[in-house]
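Asker: Please find upload-v2.csv (CSV, C-alpha atoms) on the next line:
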chain,number,residue,atom,x,y,z
A,1,MET,CA,-14.5,4.9,-5.8
A,2,PHE,CA,-11.4,4.1,-3.8
A,3,LYS,CA,-11.6,0.7,-2.1
A,4,ILE,CA,-9.7,-2.1,-0.4
A,5,THR,CA,-11.7,-5.3,-0.5
A,6,SER,CA,-11.4,-8.9,0.4
A,7,GLU,CA,-14.0,-9.8,-2.3
A,8,GLU,CA,-13.4,-10.8,-5.9
A,9,ILE,CA,-12.9,-7.7,-8.1
A,10,GLU,CA,-15.3,-7.3,-11.0
A,11,LEU,CA,-14.1,-5.1,-13.8
A,12,GLY,CA,-17.6,-3.7,-14.1
A,13,ASP,CA,-17.3,-2.1,-10.7
A,14,VAL,CA,-14.6,0.4,-11.7
A,15,ILE,CA,-16.1,0.9,-15.1
A,16,ARG,CA,-19.5,1.8,-13.7
A,17,ALA,CA,-17.8,4.1,-11.1
A,18,VAL,CA,-16.3,6.3,-13.9
A,19,GLU,CA,-19.0,6.2,-16.6
A,20,ALA,CA,-20.4,9.6,-17.6
A,21,GLY,CA,-22.2,11.2,-20.5
A,22,ASP,CA,-19.2,13.3,-21.5
A,23,ALA,CA,-16.7,10.4,-21.2
A,24,GLY,CA,-15.6,9.5,-24.7
A,25,ALA,CA,-12.9,7.2,-23.4
A,26,ILE,CA,-12.6,4.8,-20.4
A,27,VAL,CA,-9.2,3.2,-19.9
A,28,HIS,CA,-8.9,0.4,-17.4
A,29,PHE,CA,-6.1,-1.6,-16.0
A,30,LEU,CA,-6.2,-5.0,-14.2
A,31,GLY,CA,-3.3,-6.4,-12.2
A,32,VAL,CA,-3.4,-10.2,-12.3
A,33,VAL,CA,-1.6,-12.8,-10.2
A,34,ARG,CA,1.1,-14.2,-12.4
A,35,ASN,CA,2.3,-17.8,-12.2
A,36,ASN,CA,6.0,-16.9,-11.8
A,37,THR,CA,8.4,-14.2,-10.7
A,38,GLU,CA,11.5,-14.1,-12.8
A,39,GLY,CA,11.1,-17.7,-13.7
A,40,ARG,CA,10.4,-19.0,-10.1
A,41,GLU,CA,7.0,-20.7,-9.9
A,42,VAL,CA,4.5,-18.9,-7.7
A,43,SER,CA,1.9,-20.9,-5.8
A,44,TYR,CA,-0.3,-18.0,-4.7
A,45,LEU,CA,0.0,-14.5,-3.3
A,46,GLU,CA,-1.2,-12.8,-0.1
A,47,TYR,CA,-1.9,-9.1,0.0
A,48,GLU,CA,-2.2,-7.1,3.2
A,49,ALA,CA,-3.3,-3.4,3.4
A,50,TYR,CA,-3.7,-0.6,5.8
A,51,PRO,CA,-7.2,0.1,4.5
A,52,PRO,CA,-8.1,3.6,5.8
A,53,MET,CA,-4.7,5.0,4.8
A,54,ALA,CA,-4.7,3.1,1.5
A,55,GLU,CA,-8.1,4.6,0.5
A,56,LYS,CA,-7.0,8.1,1.6
A,57,LYS,CA,-3.9,7.8,-0.6
A,58,MET,CA,-5.9,6.5,-3.5
A,59,ALA,CA,-8.1,9.6,-3.2
A,60,GLU,CA,-5.0,11.8,-3.2
A,61,ILE,CA,-3.8,10.1,-6.5
A,62,ALA,CA,-7.2,11.1,-8.0
A,63,GLU,CA,-6.6,14.7,-6.8
A,64,GLU,CA,-3.2,14.6,-8.5
A,65,ILE,CA,-4.8,13.4,-11.7
A,66,HIS,CA,-7.3,16.2,-11.5
A,67,GLU,CA,-4.5,18.7,-11.2
A,68,LYS,CA,-2.5,17.2,-14.1
A,69,TRP,CA,-5.2,16.4,-16.6
A,70,GLY,CA,-8.3,18.0,-15.2
A,71,LEU,CA,-10.0,14.6,-15.0
A,72,ASP,CA,-12.5,13.9,-12.2
A,73,ARG,CA,-13.5,10.3,-12.9
A,74,VAL,CA,-11.0,7.8,-11.4
A,75,ALA,CA,-11.7,4.5,-9.6
A,76,MET,CA,-9.3,2.2,-7.9
A,77,ILE,CA,-9.9,-1.1,-6.1
A,78,HIS,CA,-7.3,-3.4,-4.5
A,79,ARG,CA,-8.0,-6.8,-3.1
A,80,VAL,CA,-6.4,-8.2,0.0
A,81,GLY,CA,-6.1,-11.8,1.4
A,82,ARG,CA,-5.1,-14.9,-0.5
A,83,LEU,CA,-5.2,-14.6,-4.3
A,84,GLU,CA,-4.7,-17.5,-6.7
A,85,ILE,CA,-3.0,-17.5,-10.1
A,86,GLY,CA,-5.1,-15.6,-12.6
A,87,GLU,CA,-7.1,-13.6,-10.1
A,88,VAL,CA,-7.4,-9.8,-10.2
A,89,SER,CA,-5.5,-8.0,-7.5
A,90,VAL,CA,-6.1,-4.5,-8.6
A,91,ALA,CA,-8.4,-2.6,-10.9
A,92,VAL,CA,-8.0,1.0,-12.0
A,93,ALA,CA,-10.3,2.9,-14.4
A,94,VAL,CA,-10.1,6.5,-15.7
A,95,ALA,CA,-12.7,8.2,-17.8
A,96,SER,CA,-12.0,11.2,-20.1
A,97,PRO,CA,-13.6,13.1,-23.0
A,98,HIS,CA,-10.7,11.8,-25.2
A,99,ARG,CA,-8.4,8.7,-25.0
A,100,LYS,CA,-5.0,10.3,-24.7
A,101,GLU,CA,-5.5,11.7,-21.3
A,102,ALA,CA,-7.3,8.6,-20.1
A,103,PHE,CA,-4.4,6.3,-21.1
A,104,GLU,CA,-1.8,8.6,-19.5
A,105,ALA,CA,-3.8,9.1,-16.3
A,106,CYS,CA,-4.5,5.4,-15.9
A,107,HIS,CA,-0.8,4.6,-16.2
A,108,TYR,CA,0.0,7.4,-13.8
A,109,ALA,CA,-2.5,6.1,-11.3
A,110,MET,CA,-1.1,2.6,-11.3
A,111,ASN,CA,2.5,3.9,-10.8
A,112,ARG,CA,1.5,6.2,-8.0
A,113,LEU,CA,-0.5,3.4,-6.4
A,114,LYS,CA,2.6,1.3,-6.1
A,115,GLN,CA,4.6,4.2,-4.7
A,116,ILE,CA,2.4,5.7,-2.0
A,117,VAL,CA,-0.5,3.3,-1.2
A,118,PRO,CA,0.3,1.0,1.8
A,119,ILE,CA,-0.3,-2.5,0.4
A,120,TRP,CA,2.0,-5.4,0.8
A,121,LYS,CA,2.4,-8.5,-1.2
A,122,ARG,CA,3.7,-11.9,0.1
A,123,GLU,CA,4.8,-14.4,-2.5
A,124,VAL,CA,4.3,-18.1,-1.7
A,125,TRP,CA,6.4,-20.2,-3.9
A,126,ALA,CA,5.6,-23.6,-5.3
A,127,ASP,CA,8.6,-25.0,-3.4
A,128,GLY,CA,6.9,-24.0,-0.1
A,129,GLU,CA,9.1,-20.9,0.7
A,130,GLU,CA,7.5,-17.5,1.1
A,131,GLU,CA,8.7,-13.9,1.4
A,132,TRP,CA,7.5,-10.3,1.4
A,133,VAL,CA,8.2,-8.8,-1.9
A,134,LYS,CA,11.4,-6.7,-2.2
A,135,PRO,CA,10.8,-3.0,-2.5
A,136,ASP,CA,10.6,-0.9,-5.6
A,137,PRO,CA,13.6,1.5,-5.6
A,138,VAL,CA,11.3,4.2,-6.8
A,139,PHE,CA,9.5,4.0,-3.5
A,140,PHE,CA,12.4,5.3,-1.5
A,141,GLN,CA,12.9,8.2,-3.9
A,142,SER,CA,9.3,9.2,-3.6
A,143,LYS,CA,9.2,9.6,0.2
A,144,ALA,CA,9.3,13.4,0.1
B,1,MET,CA,-1.2,10.1,26.6
B,2,LYS,CA,-2.3,7.1,24.7
B,3,VAL,CA,-1.7,6.3,21.1
B,4,LYS,CA,-2.5,3.3,18.9
B,5,VAL,CA,0.4,1.7,17.0
B,6,LYS,CA,-0.1,-0.6,14.0
B,7,TYR,CA,2.4,-3.0,12.4
B,8,PHE,CA,2.3,-4.5,8.9
B,9,ALA,CA,4.0,-7.1,6.8
B,10,VAL,CA,7.4,-8.1,8.1
B,11,LEU,CA,7.0,-6.0,11.3
B,12,HIS,CA,3.7,-7.6,12.0
B,13,GLU,CA,5.4,-11.0,11.8
B,14,GLU,CA,8.5,-10.2,13.7
B,15,LEU,CA,6.7,-8.4,16.5
B,16,ASP,CA,4.0,-11.0,16.5
B,17,ARG,CA,1.2,-8.5,16.8
B,18,ASP,CA,-0.6,-6.2,14.4
B,19,GLU,CA,-1.5,-3.4,16.8
B,20,GLU,CA,-1.2,-2.2,20.4
B,21,ASP,CA,-2.0,0.8,22.6
B,22,MET,CA,1.0,2.6,24.1
B,23,ASP,CA,1.2,5.1,27.0
B,24,LEU,CA,3.6,7.8,26.1
B,25,PRO,CA,4.8,11.0,27.9
B,26,GLU,CA,3.3,14.2,26.7
B,27,GLY,CA,5.1,15.6,23.7
B,28,ALA,CA,6.6,12.3,22.7
B,29,THR,CA,7.7,11.8,19.1
B,30,VAL,CA,7.5,8.7,16.9
B,31,ARG,CA,11.2,8.1,17.9
B,32,VAL,CA,10.1,7.2,21.4
B,33,ILE,CA,8.0,4.3,20.1
B,34,LEU,CA,10.9,3.2,17.9
B,35,ASP,CA,13.2,3.2,20.9
B,36,ARG,CA,10.8,0.9,22.7
B,37,LEU,CA,10.5,-1.4,19.8
B,38,GLU,CA,14.2,-1.5,19.3
B,39,ALA,CA,14.7,-2.6,23.0
B,40,GLU,CA,12.3,-5.5,22.2
B,41,TRP,CA,13.6,-6.4,18.7
B,42,PRO,CA,17.0,-4.7,17.9
B,43,GLU,CA,16.8,-5.8,14.3
B,44,ILE,CA,14.1,-3.3,13.6
B,45,ALA,CA,17.0,-0.8,13.2
B,46,GLU,CA,17.9,-2.5,10.0
B,47,TYR,CA,14.6,-1.4,8.5
B,48,TYR,CA,15.0,2.3,9.4
B,49,ASP,CA,16.3,3.3,6.0
B,50,VAL,CA,13.5,1.7,4.1
B,51,MET,CA,10.6,1.9,6.5
B,52,GLN,CA,8.1,4.7,6.5
B,53,THR,CA,6.0,6.1,9.4
B,54,SER,CA,2.5,7.4,9.3
B,55,VAL,CA,0.5,9.4,11.8
B,56,ASN,CA,-3.3,9.5,11.4
B,57,TRP,CA,-3.0,8.1,7.8
B,58,GLU,CA,-0.4,10.6,6.6
B,59,TYR,CA,3.3,10.0,6.0
B,60,ALA,CA,5.3,11.3,8.9
B,61,THR,CA,8.9,11.1,10.3
B,62,PRO,CA,10.5,9.9,13.5
B,63,ASP,CA,10.6,13.5,14.6
B,64,SER,CA,6.8,13.9,14.3
B,65,GLU,CA,5.3,14.9,17.6
B,66,LEU,CA,2.3,12.9,18.8
B,67,SER,CA,-0.9,13.8,20.5
B,68,ASP,CA,-3.3,11.8,22.6
B,69,GLY,CA,-5.4,9.4,20.4
B,70,ASP,CA,-3.1,9.5,17.4
B,71,GLU,CA,-2.8,6.4,15.3
B,72,VAL,CA,0.8,5.6,14.3
B,73,ALA,CA,1.8,3.0,11.8
B,74,PHE,CA,5.1,1.6,10.7
B,75,ILE,CA,5.1,0.8,7.0
B,76,PRO,CA,7.8,-1.4,5.6
B,77,PRO,CA,8.3,-1.0,1.8
B,78,VAL,CA,5.1,-1.4,-0.1
B,79,THR,CA,4.6,-3.8,-3.0
B,80,GLY,CA,7.4,-4.1,-5.5
B,81,GLY,CA,7.3,-2.5,-8.9
B,82,GLN,CA,7.7,-5.5,-11.1
B,83,ASP,CA,4.6,-7.6,-10.6
B,84,VAL,CA,2.5,-5.9,-13.2
Can you give me the file's structure in the form of structure tokens?
Answerer:
Amino acid sequence: MFKITSEEIELGDVIRAVEAGDAGAIVHFLGVVRNNTEGREVSYLEYEAYPPMAEKKMAEIAEEIHEKWGLDRVAMIHRVGRLEIGEVSVAVAVASPHRKEAFEACHYAMNRLKQIVPIWKREVWADGEEEWVKPDPVFFQSKA
Amino acid sequence: MKVKVKYFAVLHEELDRDEEDMDLPEGATVRVILDRLEAEWPEIAEYYDVMQTSVNWEYATPDSELSDGDEVAFIPPVTGGQDV
């Protein structure tokens, strides 16, 4: 499951998408809207995505995971629109026969998601200002 | 030929539209679109070092040659790495 959604994310959605009889481990990650960025109070966030390309790139990350760890059960959902403090912006789950690979692959999936999946975050501050989030330097090194 | 061009985040805001259809000469590259946008909004050049381009949902370059019906997108830097 690779999905951009404007609906609330339920952890069960990604868990159910990766469950399997031979899965001895399911590792999941939830990204949650934090109430501050480097100490500055955040009012809420707005996410924008390029959905067809984002879902295609998510599927490519799953292919990379297959090549690196031989795992086939990966799910990713990212929400768009206005998100309040404490709401889930992204959920990733990976199932594996054993936990080591599932932890590694889940971490990898999240890192790659932030590098190659076209999703943008706008921070709206409690003082009323707002801005698109500055880029991750890694992003520019990962172009090729 | 005709292509669809999509704008996101800061580009969407500065150009005040999220997509448009463009008529281009046969064999045009992504650069032709950038030149038109630069004529309208010169500051776009400041983003060239950090902005990526896609053609039909795959990362591309300004030198990528376009075909009729292609979907081109200009992708300013994606979400920062420090939020989670």
Asker: In terms of the shortest atom-to-atom distance over all atoms listed in the file, which of B:Thr61, B:Pro77, B:Ser67, B:Val55 is closest to Met53 in chain A?
Answerer: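 Of the candidates, the smallest distance to Met53 in chain A is held by B:Val55.
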Asker: What are the closest atom pairs, with distances in Å to one decimal, for all residues of chain B lying within 12 Å of chain A? Consider only C-alpha atoms, order rows by chain and residue number, and present the result as JSON lines.
Answerer:
{"residue": "B:Lys6", "atom": "CA", "partner": "A:Tyr50", "partner_atom": "CA", "distance": 9.0}
{"residue": "B:Tyr7", "atom": "CA", "partner": "A:Tyr50", "partner_atom": "CA", "distance": 9.3}
{"residue": "B:Phe8", "atom": "CA", "partner": "A:Glu48", "partner_atom": "CA", "distance": 7.7}
{"residue": "B:Ala9", "atom": "CA", "partner": "A:Trp120", "partner_atom": "CA", "distance": 6.5}
{"residue": "B:Val10", "atom": "CA", "partner": "A:Trp132", "partner_atom": "CA", "distance": 7.1}
{"residue": "B:Leu11", "atom": "CA", "partner": "A:Trp132", "partner_atom": "CA", "distance": 10.8}
{"residue": "B:His12", "atom": "CA", "partner": "A:Glu48", "partner_atom": "CA", "distance": 10.6}
{"residue": "B:Glu13", "atom": "CA", "partner": "A:Trp132", "partner_atom": "CA", "distance": 10.6}
{"residue": "B:Asp18", "atom": "CA", "partner": "A:Tyr50", "partner_atom": "CA", "distance": 10.7}
{"residue": "B:Glu19", "atom": "CA", "partner": "A:Tyr50", "partner_atom": "CA", "distance": 11.6}
{"residue": "B:Tyr47", "atom": "CA", "partner": "A:Pro135", "partner_atom": "CA", "distance": 11.7}
{"residue": "B:Tyr48", "atom": "CA", "partner": "A:Phe140", "partner_atom": "CA", "distance": 11.6}
{"residue": "B:Asp49", "atom": "CA", "partner": "A:Phe140", "partner_atom": "CA", "distance": 8.7}
{"residue": "B:Val50", "atom": "CA", "partner": "A:Phe140", "partner_atom": "CA", "distance": 6.7}
{"residue": "B:Met51", "atom": "CA", "partner": "A:Phe140", "partner_atom": "CA", "distance": 8.9}
{"residue": "B:Gln52", "atom": "CA", "partner": "A:Lys143", "partner_atom": "CA", "distance": 8.1}
{"residue": "B:Thr53", "atom": "CA", "partner": "A:Lys143", "partner_atom": "CA", "distance": 10.4}
{"residue": "B:Ser54", "atom": "CA", "partner": "A:Met53", "partner_atom": "CA", "distance": 8.8}
{"residue": "B:Val55", "atom": "CA", "partner": "A:Met53", "partner_atom": "CA", "distance": 9.8}
{"residue": "B:Asn56", "atom": "CA", "partner": "A:Met53", "partner_atom": "CA", "distance": 8.1}
{"residue": "B:Trp57", "atom": "CA", "partner": "A:Met53", "partner_atom": "CA", "distance": 4.6}
{"residue": "B:Glu58", "atom": "CA", "partner": "A:Met53", "partner_atom": "CA", "distance": 7.3}
{"residue": "B:Tyr59", "atom": "CA", "partner": "A:Lys143", "partner_atom": "CA", "distance": 8.3}
{"residue": "B:Ala60", "atom": "CA", "partner": "A:Lys143", "partner_atom": "CA", "distance": 9.7}
{"residue": "B:Thr61", "atom": "CA", "partner": "A:Lys143", "partner_atom": "CA", "distance": 10.2}
{"residue": "B:Glu71", "atom": "CA", "partner": "A:Met53", "partner_atom": "CA", "distance": 10.8}
{"residue": "B:Val72", "atom": "CA", "partner": "A:Met53", "partner_atom": "CA", "distance": 11.0}
{"residue": "B:Ala73", "atom": "CA", "partner": "A:Tyr50", "partner_atom": "CA", "distance": 8.9}
{"residue": "B:Phe74", "atom": "CA", "partner": "A:Pro118", "partner_atom": "CA", "distance": 10.1}
{"residue": "B:Ile75", "atom": "CA", "partner": "A:Pro118", "partner_atom": "CA", "distance": 7.1}
{"residue": "B:Pro76", "atom": "CA", "partner": "A:Trp120", "partner_atom": "CA", "distance": 8.5}
{"residue": "B:Pro77", "atom": "CA", "partner": "A:Pro135", "partner_atom": "CA", "distance": 5.4}
{"residue": "B:Val78", "atom": "CA", "partner": "A:Trp120", "partner_atom": "CA", "distance": 5.1}
{"residue": "B:Thr79", "atom": "CA", "partner": "A:Trp120", "partner_atom": "CA", "distance": 4.9}
{"residue": "B:Gly80", "atom": "CA", "partner": "A:Asp136", "partner_atom": "CA", "distance": 4.5}
{"residue": "B:Gly81", "atom": "CA", "partner": "A:Asp136", "partner_atom": "CA", "distance": 4.9}
{"residue": "B:Gln82", "atom": "CA", "partner": "A:Asp136", "partner_atom": "CA", "distance": 7.7}
{"residue": "B:Asp83", "atom": "CA", "partner": "A:Thr37", "partner_atom": "CA", "distance": 7.6}
{"residue": "B:Val84", "atom": "CA", "partner": "A:Gly31", "partner_atom": "CA", "distance": 5.9}
Asker: How would the residues just picked look written out with C-alpha atoms as a CSV table (one decimal), keeping the file's coordinate frame?
Answerer:
chain,number,residue,atom,x,y,z
B,6,LYS,CA,-0.1,-0.6,14.0
B,7,TYR,CA,2.4,-3.0,12.4
B,8,PHE,CA,2.3,-4.5,8.9
B,9,ALA,CA,4.0,-7.1,6.8
B,10,VAL,CA,7.4,-8.1,8.1
B,11,LEU,CA,7.0,-6.0,11.3
B,12,HIS,CA,3.7,-7.6,12.0
B,13,GLU,CA,5.4,-11.0,11.8
B,18,ASP,CA,-0.6,-6.2,14.4
B,19,GLU,CA,-1.5,-3.4,16.8
B,47,TYR,CA,14.6,-1.4,8.5
B,48,TYR,CA,15.0,2.3,9.4
B,49,ASP,CA,16.3,3.3,6.0
B,50,VAL,CA,13.5,1.7,4.1
B,51,MET,CA,10.6,1.9,6.5
B,52,GLN,CA,8.1,4.7,6.5
B,53,THR,CA,6.0,6.1,9.4
B,54,SER,CA,2.5,7.4,9.3
B,55,VAL,CA,0.5,9.4,11.8
B,56,ASN,CA,-3.3,9.5,11.4
B,57,TRP,CA,-3.0,8.1,7.8
B,58,GLU,CA,-0.4,10.6,6.6
B,59,TYR,CA,3.3,10.0,6.0
B,60,ALA,CA,5.3,11.3,8.9
B,61,THR,CA,8.9,11.1,10.3
B,71,GLU,CA,-2.8,6.4,15.3
B,72,VAL,CA,0.8,5.6,14.3
B,73,ALA,CA,1.8,3.0,11.8
B,74,PHE,CA,5.1,1.6,10.7
B,75,ILE,CA,5.1,0.8,7.0
B,76,PRO,CA,7.8,-1.4,5.6
B,77,PRO,CA,8.3,-1.0,1.8
B,78,VAL,CA,5.1,-1.4,-0.1
B,79,THR,CA,4.6,-3.8,-3.0
B,80,GLY,CA,7.4,-4.1,-5.5
B,81,GLY,CA,7.3,-2.5,-8.9
B,82,GLN,CA,7.7,-5.5,-11.1
B,83,ASP,CA,4.6,-7.6,-10.6
B,84,VAL,CA,2.5,-5.9,-13.2
Asker: Show which residues sit within 10 Å of range 36-42 of chain B, as number ranges by chain. Count only C-alpha atoms, and ignore same-chain residues fewer than 5 positions away.
Answerer: B: 11, 14-15, 31
Asker: Calculate how many Å separate CA of Thr29 in chain B from CA of Glu65 in chain B, rounding to one decimal.
Answerer: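 Atom-to-atom, CA of Thr29 in chain B to CA of Glu65 in chain B, that is 4.2 Å.
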Asker: What's the 7 Å shell around Ser6 in chain A, counting all atoms listed in the file, without same-chain residues fewer than 3 positions away, as a list in words?
Answerer: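 Selected residues are Arg79, Val80 and Gly81 of chain A.
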Asker: If we count only C-alpha atoms and set the cut-off at 12 Å, which residues sit around range 91-103 of chain A, ignoring sequence neighbours fewer than 2 positions away in its own chain? Please answer as an MDAnalysis selection string.
Answerer: (chainID A and resid 1:5 8:32 58 61:62 65:66 68:79 87:89 105:113) or (chainID B and resid 84)
Asker: Give me, please, the distance in Å between CA of Leu24 in chain B and CA of Val5 in chain B, quoted to one decimal.
Answerer: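 The value is 11.4 Å.
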Asker: Rounded to one decimal in Å, what is the spacing between CA of Leu83 in chain A and CA of Ala126 in chain A?
Answerer: 14.1 Å
Asker: Go through A:Glu104, A:Trp125, A:Glu64, A:Glu7 one by one, measure the shortest atom-to-atom distance of each to Gly39 in chain A using only C-alpha atoms, and give the residue with the smallest value.
Answerer: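 Result for the nearest residue to Gly39 in chain A: A:Trp125.
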Asker: Could you give me, as a ChimeraX atom specification, the residues within 8 Å of Arg82 in chain A, counting only C-alpha atoms and dropping anything in the same chain fewer than 3 positions from it?
Answerer: /A:44-47
Asker: Which residues, written as a list of chain:residue names, have at least one atom at most 7 Å from Val3 in chain B, with all atoms listed in the file counted and residues fewer than 2 positions away on the same chain left out?
Answerer: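 My reading of the contact set: B:Met1, B:Val5, B:Asp21, B:Met22, B:Asp23, B:Asp68, B:Gly69, B:Asp70, B:Glu71.
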